[in-house]
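Inspection log for the structure reproduced underneath, given as structure tokens.
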Amino acid sequence: ISDMPELPIMNAMGKSLDMTLGAWLAAQGDVVLTNMPNGTQKITLILTHLFPHGVYSVFENHFDQKPVGFTPLDGNGTANKFVSDGEGKANVTIISPLPLTHDNAVLVIYHSDGKTHAKLRGDIGVDAHHQLIVRP
């Protein structure tokens, strides 16, 4: 990316997200998948450089659907949300009802309105912003 990291970033409506491009692109993390004996999968996310005290949710991206589908990683939208700490860190564990495959991805969404949207991602580009994604 050739844009300067000091540039402020905005949502699709021109409202400031109160962070720079460099801060947005600094987000990173690891995902650990653990298959459970009952057929579910424990998914642990270790995330850093998020927006401090930012509100996030985690969704499953379905690349095998046309158009691409999205469901809450926990299956029902009740345990797929978290708030990063004051340093922008978060350790999150979510139980997925089914193990992920290469047709899926773990998607971390930042909610600039400070609200999660349960089974929905929110208004993409306005109050919901896809920040990190990884395929198993």
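To be explicit about the labels: the chains of the structure tokens are called A, B, and onward in the order shown, and within each one the residues are counted from 1, while ligands get numbers from 1 in the order they are shown.
Selecting alpha helix (DSSP H) from the backbone DSSP output for chain A yields Leu21, Gly22, Ala23, Trp24, Leu25 and Ala26 of chain A.
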Print the selection's residues with C-alpha atoms to a file, as a compact mmCIF listing (two decimals), in the first residue's frame.
```
# COMPACT_ATOMS: atom_id res chain seq x y z
CA LEU A 21 -4.33 3.84 8.06
CA GLY A 22 -1.15 2.58 9.72
CA ALA A 23 -3.00 1.72 12.92
CA TRP A 24 -5.70 -0.12 10.95
CA LEU A 25 -3.17 -2.15 8.96
CA ALA A 26 -1.12 -2.99 12.09
```
> Which of range 38-136 of chain A counts as strand (DSSP E or B) under DSSP, as a ChimeraX atom specification please?
Replying inline: /A:41-48,55-62,69-72,81-83,90-96,104-111,124,128-134
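Of the listed residues A:Ile124, A:Leu7, A:Ala105, A:Ile46, the one whose atoms come nearest to Val68 in chain A is A:Ala105, with distances taken using only C-alpha atoms.
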Please build the interface table for range 8-118 of chain A against range 127-134 of chain A with a cut-off of 6 Å, listing for each qualifying residue the nearest atom pair and the distance in Å to one decimal; count only C-alpha atoms, order rows by chain and increasing number, and write it as CSV.
```
residue,atom,partner,partner_atom,distance
A:Ala105,CA,A:Val134,CA,5.3
A:Val106,CA,A:Val134,CA,5.4
A:Leu107,CA,A:Ile133,CA,4.5
A:Val108,CA,A:Leu132,CA,5.1
A:Ile109,CA,A:His130,CA,4.6
A:Tyr110,CA,A:His129,CA,5.1
A:His111,CA,A:Ala128,CA,4.7
A:Ser112,CA,A:Asp127,CA,4.9
A:Asp113,CA,A:Asp127,CA,5.3
```
Next, dump the selected residues to file, keeping only C-alpha atoms, as a PDB file, in the first residue's frame.
```
ATOM      1  CA  ALA A 105     -12.531 -18.448   6.995  1.00  0.00           C
ATOM      2  CA  VAL A 106     -12.427 -16.732  10.369  1.00  0.00           C
ATOM      3  CA  LEU A 107     -13.400 -13.076   9.938  1.00  0.00           C
ATOM      4  CA  VAL A 108     -12.807 -10.387  12.602  1.00  0.00           C
ATOM      5  CA  ILE A 109     -15.131  -7.380  12.230  1.00  0.00           C
ATOM      6  CA  TYR A 110     -14.575  -3.997  13.908  1.00  0.00           C
ATOM      7  CA  HIS A 111     -17.787  -2.164  14.876  1.00  0.00           C
ATOM      8  CA  SER A 112     -17.160   1.568  14.713  1.00  0.00           C
ATOM      9  CA  ASP A 113     -20.596   2.259  16.225  1.00  0.00           C
TER      10      ASP A 113
END
```
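Minimum atom-to-atom distances from A:Pro52, A:Pro8, A:Pro99, A:Gly77 to Pro136 in chain A were compared using only C-alpha atoms, and the lowest value belongs to A:Pro99.
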>> Need to verify the contact set: Asn35 in chain A, 10 Å, only C-alpha atoms, exclusion of same-chain residues closer than 5 positions in sequence. Can you return it as a ChimeraX atom specification?
In response: /A:40-43,95-96,98-100
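For the atom pair formed by CA of Gly125 in chain A and CA of Ala12 in chain A, the distance is 5.2 Å, given to one decimal.
The neighbours of range 114-119 of chain A here are the residues that come within 8 Å of it, using only C-alpha atoms and leaving out any residue fewer than 6 positions away in the same chain; they are Gly54, Val55, Tyr56, Ser57, Thr71, Pro72, Asn76, Gly77, Thr78 and Lys81 of chain A.
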Generate a file of the selected residues that holds C-alpha atoms, formatted as a PDB file, in the first residue's frame.
```pdb
ATOM      1  CA  GLY A  54     -12.839  -1.520  20.296  1.00  0.00           C
ATOM      2  CA  VAL A  55     -15.978  -3.600  19.854  1.00  0.00           C
ATOM      3  CA  TYR A  56     -15.548  -6.617  17.576  1.00  0.00           C
ATOM      4  CA  SER A  57     -17.363  -9.721  16.429  1.00  0.00           C
ATOM      5  CA  THR A  71     -22.610 -16.586   9.880  1.00  0.00           C
ATOM      6  CA  PRO A  72     -21.604 -15.861  13.470  1.00  0.00           C
ATOM      7  CA  ASN A  76     -26.082 -18.097  16.836  1.00  0.00           C
ATOM      8  CA  GLY A  77     -24.525 -14.664  17.443  1.00  0.00           C
ATOM      9  CA  THR A  78     -24.503 -14.754  21.241  1.00  0.00           C
ATOM     10  CA  LYS A  81     -18.375 -10.679  20.305  1.00  0.00           C
TER      11      LYS A  81
END
```
Taking 5 positions as the minimum chain separation for residues in the same chain, which residues sit within 7 Å of Thr48 in chain A when counting only C-alpha atoms? Answer as a tab-separated table (two decimals) with C-alpha atoms, in the first residue's frame.
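Saved result, part_8.tsv, follows:
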```tsv
chain	number	residue	atom	x	y	z
A	27	ALA	CA	-3.80	-5.38	13.41
A	28	GLN	CA	-2.62	-8.97	13.49
A	29	GLY	CA	-3.31	-12.25	15.16
A	88	GLY	CA	-5.66	-3.22	21.58
A	89	LYS	CA	-5.13	-6.85	22.59
A	90	ALA	CA	-7.70	-9.62	22.85
```
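The space between CA of Thr44 in chain A and CA of Lys66 in chain A spans 27.5 Å.
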> With only C-alpha atoms as the atoms that count, which of A:Pro97, A:His102, A:Gly86, A:Asp3 lies nearest to His49 in chain A?
Replying inline: A:Gly86
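Using only C-alpha atoms for every distance, the candidate list A:Met13, A:Asn104, A:Val126, A:Met36 yields A:Asn104 as the residue closest to Gln65 in chain A.
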> Looking at A:Pro5, A:Pro37, A:Gly69, A:Gly14, which one is nearest to Asp103 in chain A, with distances taken over only C-alpha atoms?
Replying inline: A:Gly69
